[in-house]
Each structure stands twice: as structure tokens, then as C-alpha cells.
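Chemist: Mind looking over this structure? Questions follow.
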Amino acid sequence: MSATRTAQPTLDELRAEALEWGRRPRRRGSWYVTEHMVRAMRAYGWTIVVGAVGQPIMYLLGLALGLAALIRVPVVDHGTEVPYLVFVAPALLVTAAIAVASEEMTYPVMAGFKWRRYFYGFNASALSSPQITHGVIAGAAARMAVAVAAYYLFVWLFGSVPQPGTGWLAIPAGLLAGLAFGIPLMAYAGSLQDDKGQFALVQRFVFMPMFLFSGTFYPLDTLPVWLQWIGWISPLWHGSELGRAATYSAGIAPGMLAVHVTYLAALCVAGYVWGRRVFVRRLAR
Amino acid sequence: MSEPVISAQSLVKTYKVKGKPDFVAVDGLSFEVAPGESFGLLGPNGAGKSTTMKMIGAVSARTAGDLSILGLDPDRYGPEIRSRLGVVPQQDNLDGELNARENLYIYGRYFGLPSRVCHEKADELLAFAQLSDKAKSKVDQLSGGMKRRLTIARGLINDPRILLLDEPTTGLDPQARHVLWDRLFRLKERGTTLVLTTHYMDEAEQLCDRLIVVDHGRIMAEGTPASLIREHSSREVLEVRFGSERNEQVAAQLQGIGDRLEVLPDRILIYAHDGEAVLERVTAAGLQPITSLVRRSSLEDVFLRLTGRSLIE
């Protein structure tokens, strides 16, 4: 503890002191929350590293040695012929980002509000509730970036990036798609009062159908039209299309690229507006 | 009195309830807290104490009234006010994924303290909370008392001008409570303003220079513990038990003995200046209580007098 306080300061001095102390947290509070979220991830750091490295190796090996060996004919994507692994890799990369989102934007949010209540701890300090929202998003984005970058590295090592010049753009595309799925999920998680297995349902009835019907393993237009809508609304399909445009310029019209980016950005913004509202209201109760 | 660091005038907080009229949690509280003072809010569960603390803590906006903390309006200067407060909530909200020391370090960061300062403060505060040997322990491995002390230590990371404690010792064993009280005394000696809520009378008597008794969101009485007891109770209390079946019946015969009678389900309280003398009168009247006890009046008696209810129900 610091030195004993002798004379009590005047109210004017206290006010000035508070105004001075509030300056830094107001400016940089979101980063402080991010720092906390990333630090807390170290508790399960191994899972993150093993997941980020092991998953791509497993998928790519399985598909390269198995499915790609079986499917010898190239995939025709928007009129472009590409080997199967090249077609599938960008979608797997985006899936990795979405998988991180479905972990980091669900249980940690529930823990922050209910199980461990640490969001209330943040909120009692100089931080504000919008900054807590930002920090949760930025923390998850940091882990997502690591996962997506690792994935890209392995895809490249497997020789499945025909155009390395633009191929790296698959990384921001994956990140954008991951956040487009994750931010609305964070808002939803924040709005839940109790965990009654909703996250498991999201996994089974949102994540799985999205994974299977979003043109991950075959071009979306292979599906009958009445199933294609799943892809159209899925961040995974929009992200994969962007990734494919980056790694092998999959013959996608520039207008469509703009649609993909806009759609993903719109999901992020809508999720953010909803999430911020949920956080602010819940923390002020 | 120097200018108050907390000033509340007609403070109101209501909550919307679906399909019902608004719930009034705080109903026009007015009070002031001087710098360095130790101020208590005493009342039963649901009296509006925690809601008041959230408004003072600048996390929950008031519905009506005026509130000024450190000379600032919490609606506008939330982060600035909170940057000079320490908060010890009713429920611990430490991060169980981090160890004791990391919990302090990272909390210091929230106030924009440089990394080096956070490390120094963390060690200092672990010593203050008598937790130096638990620095590397995960929070989940600490006992309830240790978690409470860590939460208090965390609340001090920014050298706060005001420390808010919401039911600081609820759920702790007597020994842990005394360790905690000792730490709070030290803070008080250093001139930190303490604001605490409690439903324990002994805690209020030990720690508070001045307190308000709150019930249904309103102030029932205000003063120092001693003055409240003087004003609202007698010097001593005689507690007699005649068995739960007979208490009511005997109470009729006790009318006129002592200043006032309070009949509880398990015992009868007779308020008087001299408890022993009253006990003699009771036995002289031919009544033989199963047990009897003469004690000093406490804040519990004040509360009973003011609300007709016991604090812990």
C-alpha cells in the first residue's frame, strides 16, 4: 500500500483527479479487455495450438490422400477447372475461423455474465460496457487470426495455393466470415439467462448444416435450388467464395465479390449493434 | 463537515416488470458521505441496498433524483468516477482461469496503470490481503475467505478514494470475518472513505461511523450506531423464553414491566434501562422463564423497533 494519506483533498482536487484518471481507460479500455481475454485463453493455450496446427494437417491429409485421390477429375467452379484440394482448402480455412467463433463467442460470454461474472468486474472498473463488447470481439478475432493464418500456411505447404500473390487475402476473408458468424452469436449468448443446451443446438442445427450445404465440398450450384438458400445466407459460403477468388481467382464476377463482402460486413455490423445493446443493458441492471 | 464525496438527493430507481406496475427498488433516498467517513447502509434483503450501491458505483443509472460522486455526475462521468472507486461486490467475480496475482495485475490494467506499476501493486496487495503464498494459486483453489480478501485487494489496486463494499462478510466464518474487519480498519485509518451495506448489526457497529437504516427503498433512521440505539431503543434488553406455546399468553401478564415489549415467536424482548431489575420484577410476579438473558441494546433492536421485523428472516 502506498503512503498514509494525511490531509483529505478538497472536492475540486478529487474531481480533477478523477477526470485525469478517466482519460486513459476512456481511450484504450477496449484493448485492456482484449488483453484480459487473450490472457485467459492461455489457460487452454494448448487446445488452441493443437487445434490450430492439428486440424488443418488432419483435414488436408485426409482430403489429399483420401477424397482427392478418389476424385481425380478437376472441380469445375464458375467455369474454372481446379484440383479438388485447391477447391476445398479455402472453405476449410473459413470453417476453422467459424469454429473458433463458435467456441470463443459462446461459453466465455456465458461465463462472463453468469458463471464467473467477470464482465461485472470489468464494468465496475474504469471500463465501460461497450468497451467490454469490443474486447470480447477483438479477443476472439485474435485467436481466429492465428487459426486462419496457420491454416493458410498449411494449405500453401500442401501446394494448394495456385496464386500466392493474392492468396493471402484468404486470411482476412476467413477472419471476416468468422466474425460475421461470431458477433451475432456473441449477442445471442449475451442475451441468454441460462444455459439450457442452446450452444449445442447451434452446433448441431446451425453450424453442421452450414458446413454441409454451403458449397464447402462441392460448388453450391450442384445442389438443388431448394437447398441452395442455406449457402446464400451462410457466412461460410460467402467467405469461401472470397477465399477461392483469392487463392485461384475462381471466375467470380467483381459484383458478386462486393456482394460477399457487403453481406459479411452487414452481419458483423448487425451483430455488433445487437450485442452492444445486450451488453450495455445487462451490465446496467 | 468538509464537502461530501457522495451526495444523493431524492434518489429513485425503478425497474420495469412485464405486465405489472414498475418495481420501486429505491424510493427517494437522500444522504451525504464525508471524505474519510465510514458509512453504512443497513437493512434486510431486498431493501434496496445493492441497487443504491450500483448507482453510487456508477454502473446503474438512476431513474430520478440527484447524485454526485467525487463532485461528478455518474450519468456523464461513469469511467472517471469508477477510476477512483474500489468495488467489492456481493458475489465474487474474479476470473477463475487466472491465478491470484494475475487477477490483481490485469485489474490494474483496466485503470490504465502501466504494467510495472500493476506488478508492484499486485505484490503489495497480496501481502496486505495475507495471500502472498497463494500468489500463483488459481482462484478456484482458494477458500471463500481468501477469495473475499483477494476481491478486496483487487478493489484497492487503483488506490481508490472511496471503497464500496456490498455485504463484504456474508457467507464467511467468524475468523475470516475478523481478519477482513481488521483489513478494513486499516484502510479507514489511512483515510479511505468506506461505504458498506450489511445486514449484520455487529458489522455495522464495528465498522460504521454513521449509517442509514433502509427498508423498502426508504430511509427509516440515520445516525451513529450509538445515537440510533439511544434514540430508538433502551439501554438494555431482557430476553425471556417461556416456550413457544406460552410466550403470547405470558406477554399479557408482562404488560407494564419495562419500557416496551416485543413478542417474537421464540422469545419475548423487554426493553428497559436496567435489565436485571426488570428480571427481578418478572420473577417476583411469579413467572419463571425457561431461560433469561440481559444484554445491551443493539442495532437489531433498532431495526425491530423501526420496521417491526427482524433483519435476518
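The chains in the C-alpha cells are called A, B, ... from first to last as shown; in each chain the residues are counted from 1, and the ligands are counted from 1 in the order shown.
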With a cut-off of 7 Å, could you pull out the residues of chain B touching chain A and give me the nearest pair of atoms for each, distance in Å to one decimal, using only C-alpha atoms, ordered by chain and ascending number, as CSV?

Modeler:
residue,atom,partner,partner_atom,distance
B:Glu3,CA,A:Leu11,CA,6.4
B:Val5,CA,A:Leu11,CA,6.8
B:Pro35,CA,A:Gln8,CA,6.9
B:Gly57,CA,A:Ala124,CA,6.9
B:Val59,CA,A:Ala284,CA,5.6
B:Ser60,CA,A:Ala284,CA,4.6
B:Leu70,CA,A:Arg15,CA,5.6
B:Gly71,CA,A:Arg15,CA,5.6
B:Leu72,CA,A:Arg15,CA,6.7
B:Pro79,CA,A:Ala126,CA,4.4
B:Glu80,CA,A:Gly22,CA,4.0
B:Ile81,CA,A:Ala18,CA,5.9
B:Arg82,CA,A:Ala126,CA,4.9
B:Ser83,CA,A:Ala126,CA,4.5
B:Arg84,CA,A:Ala18,CA,6.0
B:Val87,CA,A:Ala124,CA,6.6
B:Asn93,CA,A:Tyr118,CA,4.8
B:Leu94,CA,A:Tyr118,CA,5.9
B:Asp95,CA,A:Tyr118,CA,5.9
B:Glu97,CA,A:Ala40,CA,5.9
B:Leu98,CA,A:Ala40,CA,6.4
B:Ile106,CA,A:His36,CA,6.5
B:Arg109,CA,A:Tyr32,CA,6.3
B:Tyr110,CA,A:Tyr32,CA,5.7
B:Phe111,CA,A:Ala126,CA,5.6
B:Gly112,CA,A:Pro25,CA,5.5
B:Glu124,CA,A:Met1,CA,6.0
B:Leu125,CA,A:Met1,CA,6.7
B:Arg190,CA,A:Thr4,CA,5.3
B:Gly191,CA,A:Arg5,CA,6.1

Chemist: Please return as a PyMOL selection string: the residues of segment 36-71 of chain B that backbone DSSP assigns to strand (DSSP E).

Modeler: chain B and resi 38-42+64-69

Chemist: Convert the current residue selection to file output with N, CA and C atoms, as an mmCIF file, in the first residue's frame.

Modeler:
data_model
loop_
_atom_site.group_PDB
_atom_site.id
_atom_site.type_symbol
_atom_site.label_atom_id
_atom_site.label_comp_id
_atom_site.auth_asym_id
_atom_site.auth_seq_id
_atom_site.Cartn_x
_atom_site.Cartn_y
_atom_site.Cartn_z
ATOM 1 N N SER B 38 -16.791 6.430 7.318
ATOM 2 C CA SER B 38 -17.170 5.056 7.084
ATOM 3 C C SER B 38 -18.687 4.993 7.241
ATOM 4 N N PHE B 39 -19.361 4.787 6.114
ATOM 5 C CA PHE B 39 -20.811 4.974 6.059
ATOM 6 C C PHE B 39 -21.487 3.655 5.718
ATOM 7 N N GLY B 40 -22.535 3.329 6.468
ATOM 8 C CA GLY B 40 -23.185 2.039 6.242
ATOM 9 C C GLY B 40 -24.632 2.153 5.825
ATOM 10 N N LEU B 41 -25.063 1.186 4.997
ATOM 11 C CA LEU B 41 -26.482 1.037 4.688
ATOM 12 C C LEU B 41 -26.909 -0.285 5.304
ATOM 13 N N LEU B 42 -27.807 -0.187 6.264
ATOM 14 C CA LEU B 42 -28.228 -1.379 6.996
ATOM 15 C C LEU B 42 -29.675 -1.675 6.620
ATOM 16 N N ALA B 64 -34.507 8.785 -11.067
ATOM 17 C CA ALA B 64 -34.776 10.190 -10.736
ATOM 18 C C ALA B 64 -33.907 10.599 -9.558
ATOM 19 N N GLY B 65 -33.864 11.899 -9.311
ATOM 20 C CA GLY B 65 -33.096 12.424 -8.191
ATOM 21 C C GLY B 65 -31.731 12.916 -8.641
ATOM 22 N N ASP B 66 -30.970 13.431 -7.680
ATOM 23 C CA ASP B 66 -29.628 13.943 -7.975
ATOM 24 C C ASP B 66 -28.595 13.069 -7.292
ATOM 25 N N LEU B 67 -27.510 12.836 -8.013
ATOM 26 C CA LEU B 67 -26.432 12.047 -7.427
ATOM 27 C C LEU B 67 -25.101 12.624 -7.892
ATOM 28 N N SER B 68 -24.213 12.827 -6.940
ATOM 29 C CA SER B 68 -22.891 13.342 -7.288
ATOM 30 C C SER B 68 -21.850 12.521 -6.535
ATOM 31 N N ILE B 69 -20.886 11.971 -7.282
ATOM 32 C CA ILE B 69 -19.811 11.183 -6.677
ATOM 33 C C ILE B 69 -18.509 11.901 -7.006
#

Chemist: Nearest residue to Ile290 of chain B out of B:Val278, B:Leu264, B:Gly243, B:Leu228, using only C-alpha atoms?

Modeler: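 Checking each candidate against Ile290 of chain B, we get B:Gly243 as the closest.
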
Chemist: DSSP says alpha helix (DSSP H) for which residues of segment 102-281 of chain B? Put them as an NGL selection string?

Modeler: :B and (102-109 or 115-128 or 144-155 or 174-189 or 201-207 or 225-232 or 247-254 or 275-281)

Chemist: Counting only C-alpha atoms, which of A:Tyr188, A:Phe213, A:Tyr248, A:Tyr84 gets nearest to Trp168 of chain A?

Modeler: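 Smallest distance to Trp168 of chain A is found for A:Tyr248.
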
Chemist: Could you tell me how far atom CA of Gly223 of chain B lies from atom CA of Arg210 of chain B, in Å and to one decimal?

Modeler: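 Pair atom CA of Gly223 of chain B / atom CA of Arg210 of chain B returns 5.3 Å.
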
Chemist: Can you tell me, as a list in words, what residues are no more than 9 Å from Glu104 of chain A when counting only C-alpha atoms, ignoring any on the same chain fewer than 5 positions away?

Modeler: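 Residues meeting the cut-off are Ala99, Val109, Val136, Ile137, Gly139, Ala140, Arg143, Gly182 and Met186 of chain A.
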
Chemist: The selected residues should be written to file as an mmCIF file, in the first residue's frame (atoms: C-alpha atoms).

Modeler:
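Result file out.cif:
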data_model
loop_
_atom_site.group_PDB
_atom_site.id
_atom_site.type_symbol
_atom_site.label_atom_id
_atom_site.label_comp_id
_atom_site.auth_asym_id
_atom_site.auth_seq_id
_atom_site.Cartn_x
_atom_site.Cartn_y
_atom_site.Cartn_z
ATOM 1 C CA ALA A 99 -15.192 -22.997 -35.371
ATOM 2 C CA VAL A 109 -19.703 -14.884 -22.841
ATOM 3 C CA VAL A 136 -14.637 -9.803 -26.425
ATOM 4 C CA ILE A 137 -14.803 -9.371 -30.208
ATOM 5 C CA GLY A 139 -10.005 -11.255 -28.264
ATOM 6 C CA ALA A 140 -11.889 -13.813 -30.351
ATOM 7 C CA ARG A 143 -7.433 -16.268 -31.831
ATOM 8 C CA GLY A 182 -19.332 -14.960 -34.283
ATOM 9 C CA MET A 186 -21.929 -13.338 -29.082
#

Chemist: From the options B:Asn158, B:Ser298, B:Gln249, B:Thr198, which residue's atoms come nearest to Pro225 of chain B, counting only C-alpha atoms?

Modeler: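 The shortest atom-to-atom distance to Pro225 of chain B comes from B:Ser298.
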
Chemist: Taking 2 positions as the minimum chain separation for residues in the same chain, which residues sit within 8 Å of segment 71-79 of chain A when counting only C-alpha atoms? Answer as a list in words.

Modeler: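 Here the qualifying residues turn out to be Leu67, Ala68, Ala69, Glu81, Val82, Pro83, Tyr84, Phe87, Tyr218, Pro219, Ala250, Gly251 and Ile252 of chain A.
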
Chemist: Keeping only C-alpha atoms, write the selected residues to a file as a PDB file, in the first residue's frame.

Modeler:
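Result saved to again.pdb:
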ATOM      1  CA  LEU A  67     -11.023 -37.892 -51.193  1.00  0.00           C
ATOM      2  CA  ALA A  68      -8.772 -36.022 -53.653  1.00  0.00           C
ATOM      3  CA  ALA A  69      -7.160 -39.312 -54.690  1.00  0.00           C
ATOM      4  CA  GLU A  81     -11.175 -26.184 -63.507  1.00  0.00           C
ATOM      5  CA  VAL A  82      -9.211 -26.741 -60.301  1.00  0.00           C
ATOM      6  CA  PRO A  83      -7.919 -29.805 -58.436  1.00  0.00           C
ATOM      7  CA  TYR A  84     -10.225 -30.918 -55.647  1.00  0.00           C
ATOM      8  CA  PHE A  87     -11.246 -26.052 -54.360  1.00  0.00           C
ATOM      9  CA  TYR A 218     -18.698 -29.071 -53.941  1.00  0.00           C
ATOM     10  CA  PRO A 219     -19.856 -25.930 -55.762  1.00  0.00           C
ATOM     11  CA  ALA A 250     -12.374 -18.666 -59.222  1.00  0.00           C
ATOM     12  CA  GLY A 251     -14.107 -16.769 -62.023  1.00  0.00           C
ATOM     13  CA  ILE A 252     -16.357 -14.876 -59.646  1.00  0.00           C
TER      14      ILE A 252
END

Chemist: Just the residues within 12 Å of segment 56-61 of chain A, please, counting only C-alpha atoms, with nothing from its chain fewer than 3 positions along; format it as an NGL selection string.

Modeler: :A and (49-53 or 64-69 or 84-97 or 147-160)

Chemist: Emit the selected residues as an mmCIF file, in the first residue's frame, including N, CA and C atoms.

Modeler:
data_model
loop_
_atom_site.group_PDB
_atom_site.id
_atom_site.type_symbol
_atom_site.label_atom_id
_atom_site.label_comp_id
_atom_site.auth_asym_id
_atom_site.auth_seq_id
_atom_site.Cartn_x
_atom_site.Cartn_y
_atom_site.Cartn_z
ATOM 1 N N VAL A 49 -3.346 -24.195 -29.702
ATOM 2 C CA VAL A 49 -2.218 -24.500 -30.592
ATOM 3 C C VAL A 49 -2.452 -25.824 -31.319
ATOM 4 N N VAL A 50 -2.839 -26.846 -30.556
ATOM 5 C CA VAL A 50 -3.056 -28.160 -31.163
ATOM 6 C C VAL A 50 -4.174 -28.068 -32.201
ATOM 7 N N GLY A 51 -5.228 -27.300 -31.855
ATOM 8 C CA GLY A 51 -6.339 -27.135 -32.795
ATOM 9 C C GLY A 51 -5.889 -26.418 -34.063
ATOM 10 N N ALA A 52 -5.122 -25.331 -33.857
ATOM 11 C CA ALA A 52 -4.718 -24.505 -34.996
ATOM 12 C C ALA A 52 -3.758 -25.242 -35.925
ATOM 13 N N VAL A 53 -2.940 -26.137 -35.363
ATOM 14 C CA VAL A 53 -1.963 -26.853 -36.181
ATOM 15 C C VAL A 53 -2.504 -28.219 -36.616
ATOM 16 N N ALA A 64 -6.425 -34.872 -49.061
ATOM 17 C CA ALA A 64 -5.430 -35.013 -50.132
ATOM 18 C C ALA A 64 -5.178 -36.485 -50.437
ATOM 19 N N LEU A 65 -5.021 -37.275 -49.355
ATOM 20 C CA LEU A 65 -4.687 -38.674 -49.570
ATOM 21 C C LEU A 65 -5.933 -39.511 -49.844
ATOM 22 N N GLY A 66 -7.067 -39.056 -49.347
ATOM 23 C CA GLY A 66 -8.289 -39.849 -49.500
ATOM 24 C C GLY A 66 -9.172 -39.352 -50.613
ATOM 25 N N LEU A 67 -9.985 -38.357 -50.261
ATOM 26 C CA LEU A 67 -11.023 -37.892 -51.193
ATOM 27 C C LEU A 67 -10.437 -37.385 -52.520
ATOM 28 N N ALA A 68 -9.347 -36.596 -52.428
ATOM 29 C CA ALA A 68 -8.772 -36.022 -53.653
ATOM 30 C C ALA A 68 -8.183 -37.121 -54.536
ATOM 31 N N ALA A 69 -7.703 -38.203 -53.910
ATOM 32 C CA ALA A 69 -7.160 -39.312 -54.690
ATOM 33 C C ALA A 69 -8.283 -40.020 -55.439
ATOM 34 N N TYR A 84 -9.268 -30.890 -56.755
ATOM 35 C CA TYR A 84 -10.225 -30.918 -55.647
ATOM 36 C C TYR A 84 -9.715 -30.221 -54.385
ATOM 37 N N LEU A 85 -8.454 -30.501 -54.033
ATOM 38 C CA LEU A 85 -7.922 -29.927 -52.784
ATOM 39 C C LEU A 85 -7.865 -28.398 -52.848
ATOM 40 N N VAL A 86 -7.527 -27.883 -54.020
ATOM 41 C CA VAL A 86 -7.471 -26.419 -54.190
ATOM 42 C C VAL A 86 -8.863 -25.819 -53.995
ATOM 43 N N PHE A 87 -9.869 -26.540 -54.495
ATOM 44 C CA PHE A 87 -11.246 -26.052 -54.360
ATOM 45 C C PHE A 87 -11.704 -26.040 -52.899
ATOM 46 N N VAL A 88 -11.378 -27.126 -52.202
ATOM 47 C CA VAL A 88 -11.896 -27.327 -50.845
ATOM 48 C C VAL A 88 -11.139 -26.496 -49.788
ATOM 49 N N ALA A 89 -9.830 -26.279 -49.995
ATOM 50 C CA ALA A 89 -8.986 -25.663 -48.960
ATOM 51 C C ALA A 89 -9.504 -24.308 -48.442
ATOM 52 N N PRO A 90 -9.891 -23.357 -49.323
ATOM 53 C CA PRO A 90 -10.353 -22.062 -48.776
ATOM 54 C C PRO A 90 -11.578 -22.215 -47.879
ATOM 55 N N ALA A 91 -12.472 -23.147 -48.224
ATOM 56 C CA ALA A 91 -13.665 -23.344 -47.398
ATOM 57 C C ALA A 91 -13.291 -23.932 -46.040
ATOM 58 N N LEU A 92 -12.291 -24.811 -46.033
ATOM 59 C CA LEU A 92 -11.846 -25.381 -44.755
ATOM 60 C C LEU A 92 -11.236 -24.297 -43.876
ATOM 61 N N LEU A 93 -10.505 -23.412 -44.516
ATOM 62 C CA LEU A 93 -9.884 -22.304 -43.781
ATOM 63 C C LEU A 93 -10.962 -21.422 -43.120
ATOM 64 N N VAL A 94 -12.002 -21.126 -43.876
ATOM 65 C CA VAL A 94 -13.089 -20.314 -43.311
ATOM 66 C C VAL A 94 -13.795 -21.081 -42.192
ATOM 67 N N THR A 95 -13.971 -22.381 -42.399
ATOM 68 C CA THR A 95 -14.603 -23.202 -41.360
ATOM 69 C C THR A 95 -13.811 -23.131 -40.055
ATOM 70 N N ALA A 96 -12.484 -23.089 -40.167
ATOM 71 C CA ALA A 96 -11.652 -23.011 -38.958
ATOM 72 C C ALA A 96 -11.965 -21.731 -38.188
ATOM 73 N N ALA A 97 -12.128 -20.613 -38.925
ATOM 74 C CA ALA A 97 -12.454 -19.334 -38.262
ATOM 75 C C ALA A 97 -13.821 -19.429 -37.585
ATOM 76 N N ALA A 147 -5.612 -18.954 -35.995
ATOM 77 C CA ALA A 147 -6.111 -20.190 -36.584
ATOM 78 C C ALA A 147 -6.108 -20.108 -38.112
ATOM 79 N N VAL A 148 -6.579 -18.984 -38.632
ATOM 80 C CA VAL A 148 -6.703 -18.834 -40.082
ATOM 81 C C VAL A 148 -5.318 -18.739 -40.734
ATOM 82 N N ALA A 149 -4.413 -18.015 -40.096
ATOM 83 C CA ALA A 149 -3.061 -17.875 -40.651
ATOM 84 C C ALA A 149 -2.364 -19.235 -40.682
ATOM 85 N N ALA A 150 -2.528 -20.013 -39.587
ATOM 86 C CA ALA A 150 -1.922 -21.350 -39.551
ATOM 87 C C ALA A 150 -2.504 -22.214 -40.674
ATOM 88 N N TYR A 151 -3.800 -22.112 -40.857
ATOM 89 C CA TYR A 151 -4.454 -22.897 -41.895
ATOM 90 C C TYR A 151 -3.896 -22.537 -43.271
ATOM 91 N N TYR A 152 -3.778 -21.230 -43.482
ATOM 92 C CA TYR A 152 -3.287 -20.774 -44.787
ATOM 93 C C TYR A 152 -1.885 -21.315 -45.050
ATOM 94 N N LEU A 153 -1.068 -21.279 -43.979
ATOM 95 C CA LEU A 153 0.302 -21.770 -44.106
ATOM 96 C C LEU A 153 0.305 -23.232 -44.568
ATOM 97 N N PHE A 154 -0.531 -24.055 -43.960
ATOM 98 C CA PHE A 154 -0.558 -25.475 -44.317
ATOM 99 C C PHE A 154 -1.130 -25.687 -45.716
ATOM 100 N N VAL A 155 -2.151 -24.921 -46.065
ATOM 101 C CA VAL A 155 -2.727 -25.038 -47.410
ATOM 102 C C VAL A 155 -1.634 -24.727 -48.436
ATOM 103 N N TRP A 156 -0.862 -23.710 -48.129
ATOM 104 C CA TRP A 156 0.237 -23.313 -49.025
ATOM 105 C C TRP A 156 1.300 -24.416 -49.099
ATOM 106 N N LEU A 157 1.630 -24.984 -47.916
ATOM 107 C CA LEU A 157 2.622 -26.065 -47.883
ATOM 108 C C LEU A 157 2.141 -27.291 -48.659
ATOM 109 N N PHE A 158 0.834 -27.503 -48.672
ATOM 110 C CA PHE A 158 0.262 -28.621 -49.419
ATOM 111 C C PHE A 158 0.177 -28.300 -50.919
ATOM 112 N N GLY A 159 0.676 -27.146 -51.271
ATOM 113 C CA GLY A 159 0.713 -26.759 -52.682
ATOM 114 C C GLY A 159 -0.650 -26.442 -53.252
ATOM 115 N N SER A 160 -1.563 -25.973 -52.400
ATOM 116 C CA SER A 160 -2.924 -25.738 -52.887
ATOM 117 C C SER A 160 -3.263 -24.260 -53.025
#

Chemist: Tell me which of B:Val237, B:Ile157, B:Arg149, B:Val195 sits closest to Arg177 of chain B, counting only C-alpha atoms.

Modeler: B:Arg149

Chemist: Could you work out how far atom CA of Phe279 of chain A lies from atom CA of Ala25 of chain B, giving the answer in Å with one decimal?

Modeler: 21.9 Å

Chemist: At a cut-off of 12 Å, using only C-alpha atoms, what residues contact Cys208 of chain B? Leave out same-chain residues fewer than 4 positions from it and give the result as number ranges by chain.

Modeler: B: 33, 36-42, 165, 181, 184-185, 188, 193-198, 200-204, 212, 222-226, 299

Chemist: Go through B:Tyr107, B:Phe31, B:Tyr77, B:Phe303 and flag the residue nearest His199 of chain B, using only C-alpha atoms for the distances.

Modeler: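 Under the stated criterion, the closest residue is B:Phe303.
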